[in-house]
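Asks: Below you'll find input-v3.cif; it's mmCIF, C-alpha atoms.
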data_protein
loop_
_atom_site.label_atom_id
_atom_site.label_comp_id
_atom_site.auth_asym_id
_atom_site.auth_seq_id
_atom_site.Cartn_x
_atom_site.Cartn_y
_atom_site.Cartn_z
CA MET A 258 101.41 60.79 75.81
CA PRO A 259 103.04 63.50 73.63
CA THR A 260 99.90 65.65 73.93
CA LEU A 261 100.12 65.49 77.74
CA ASN A 262 103.72 66.68 77.66
CA SER A 263 102.90 69.56 75.31
CA ASP A 264 99.99 70.56 77.57
CA GLN A 265 102.29 70.61 80.60
CA THR A 266 104.85 72.67 78.73
CA GLN A 267 102.20 75.17 77.61
CA GLY A 268 100.94 75.44 81.19
CA GLY A 269 104.47 76.10 82.39
CA GLN A 270 104.95 78.81 79.78
CA ASP A 271 101.67 80.43 80.82
CA LEU A 272 102.78 80.34 84.45
CA LYS A 273 106.13 81.92 83.59
CA ALA A 274 104.36 84.65 81.60
CA ALA A 275 101.99 85.33 84.50
CA ASN A 276 104.88 85.48 86.96
CA ARG A 277 106.80 87.84 84.69
CA ARG A 278 103.75 90.08 84.33
CA LEU A 279 103.18 90.14 88.10
CA GLY A 280 106.84 90.92 88.70
CA LEU A 281 106.77 93.83 86.27
CA ILE A 282 103.66 95.22 87.94
CA LEU A 283 105.22 95.01 91.40
CA VAL A 284 108.48 96.60 90.24
CA SER A 285 106.54 99.39 88.53
CA VAL A 286 104.56 100.15 91.69
CA ALA A 287 107.71 100.14 93.83
CA LEU A 288 109.48 102.40 91.34
CA ALA A 289 106.55 104.83 91.29
CA PHE A 290 106.60 105.10 95.10
CA PHE A 291 110.38 105.56 95.11
CA VAL A 292 110.30 108.28 92.44
CA GLY A 293 107.43 110.01 94.24
CA PHE A 294 109.39 109.96 97.48
CA LEU A 295 112.49 111.40 95.80
CA ILE A 296 110.48 114.17 94.14
CA LYS A 297 108.82 115.01 97.45
CA GLN A 298 112.19 115.20 99.20
CA TRP A 299 113.65 117.32 96.41
CA LEU A 300 110.72 119.76 96.24
CA PHE A 301 110.25 120.23 99.98
CA ALA A 302 113.87 120.05 101.12
#
Can I see the file as structure tokens?
Replies:
Amino acid sequence: MPTLNSDQTQGGQDLKAANRRLGLILVSVALAFFVGFLIKQWLFA
């Protein structure tokens, strides 16, 4: 049984890492759009 528990823990850590990676990607994309919008407003104001 200890091997099953360690496998579940490893799977949970992998899932957390994947979620963190996805979150960083989404935040980066949103930030890029926001910065682009601000630059556009500033340049063409």
Asks: Please return the centre and edge lengths, in Å to one decimal, of a box with edges along x, y and z that contains all listed atoms of stretch 277-291 of chain A, widened by 5 Å on every side, as AutoDock Vina command-line options.
Replies:
--center_x 106.8 --center_y 96.7 --center_z 89.7 --size_x 17.2 --size_y 27.7 --size_z 20.8
Asks: One decimal, Å: what's the distance from atom CA of A:Ala275 over to atom CA of A:Gly293, could you say?
Replies: 27.1 Å
Asks: Between atom CA of A:Phe290 and atom CA of A:Ala302, what is the distance, to one decimal in Å?
Replies: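 Pair atom CA of A:Phe290 / atom CA of A:Ala302 returns 17.7 Å.
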Asks: What is the distance, in Å and to one decimal place, between atom CA of A:Ile282 and atom CA of A:Gln298?
Replies: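 Result for atom CA of A:Ile282 versus atom CA of A:Gln298: 24.5 Å, one decimal.
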Asks: Mind dumping chain A from that block, keeping C-alpha atoms, as an mmCIF file, in the first residue's frame?
Replies:
data_model
loop_
_atom_site.group_PDB
_atom_site.id
_atom_site.type_symbol
_atom_site.label_atom_id
_atom_site.label_comp_id
_atom_site.auth_asym_id
_atom_site.auth_seq_id
_atom_site.Cartn_x
_atom_site.Cartn_y
_atom_site.Cartn_z
ATOM 1 C CA MET A 258 0.000 0.000 0.000
ATOM 2 C CA PRO A 259 2.766 2.599 0.570
ATOM 3 C CA THR A 260 3.627 2.519 -3.147
ATOM 4 C CA LEU A 261 -0.001 3.350 -4.031
ATOM 5 C CA ASN A 262 0.050 6.359 -1.717
ATOM 6 C CA SER A 263 3.334 7.633 -3.149
ATOM 7 C CA ASP A 264 1.945 7.217 -6.679
ATOM 8 C CA GLN A 265 -1.138 9.247 -5.768
ATOM 9 C CA THR A 266 1.007 11.946 -4.204
ATOM 10 C CA GLN A 267 3.240 12.125 -7.282
ATOM 11 C CA GLY A 268 0.170 12.384 -9.511
ATOM 12 C CA GLY A 269 -1.157 15.216 -7.364
ATOM 13 C CA GLN A 270 2.155 17.046 -7.589
ATOM 14 C CA ASP A 271 2.163 16.641 -11.365
ATOM 15 C CA LEU A 272 -1.382 18.009 -11.520
ATOM 16 C CA LYS A 273 -0.437 21.001 -9.375
ATOM 17 C CA ALA A 274 2.575 21.684 -11.596
ATOM 18 C CA ALA A 275 0.414 21.471 -14.728
ATOM 19 C CA ASN A 276 -2.182 23.805 -13.212
ATOM 20 C CA ARG A 277 0.514 26.276 -12.202
ATOM 21 C CA ARG A 278 2.009 26.179 -15.696
ATOM 22 C CA LEU A 279 -1.404 26.717 -17.307
ATOM 23 C CA GLY A 280 -2.137 29.588 -14.941
ATOM 24 C CA LEU A 281 1.147 31.304 -15.766
ATOM 25 C CA ILE A 282 0.462 30.947 -19.485
ATOM 26 C CA LEU A 283 -3.024 32.439 -19.155
ATOM 27 C CA VAL A 284 -1.791 35.329 -17.004
ATOM 28 C CA SER A 285 1.009 36.021 -19.484
ATOM 29 C CA VAL A 286 -1.416 36.147 -22.410
ATOM 30 C CA ALA A 287 -3.793 38.441 -20.515
ATOM 31 C CA LEU A 288 -0.913 40.703 -19.500
ATOM 32 C CA ALA A 289 0.339 40.890 -23.091
ATOM 33 C CA PHE A 290 -3.108 41.960 -24.330
ATOM 34 C CA PHE A 291 -3.423 44.522 -21.527
ATOM 35 C CA VAL A 292 0.020 46.026 -22.188
ATOM 36 C CA GLY A 293 -0.695 46.109 -25.925
ATOM 37 C CA PHE A 294 -3.968 47.913 -25.288
ATOM 38 C CA LEU A 295 -2.288 50.477 -23.031
ATOM 39 C CA ILE A 296 0.470 51.118 -25.568
ATOM 40 C CA LYS A 297 -2.109 51.540 -28.331
ATOM 41 C CA GLN A 298 -4.087 54.027 -26.240
ATOM 42 C CA TRP A 299 -0.930 55.928 -25.320
ATOM 43 C CA LEU A 300 0.436 56.106 -28.875
ATOM 44 C CA PHE A 301 -2.817 57.010 -30.608
ATOM 45 C CA ALA A 302 -4.383 59.225 -27.948
#
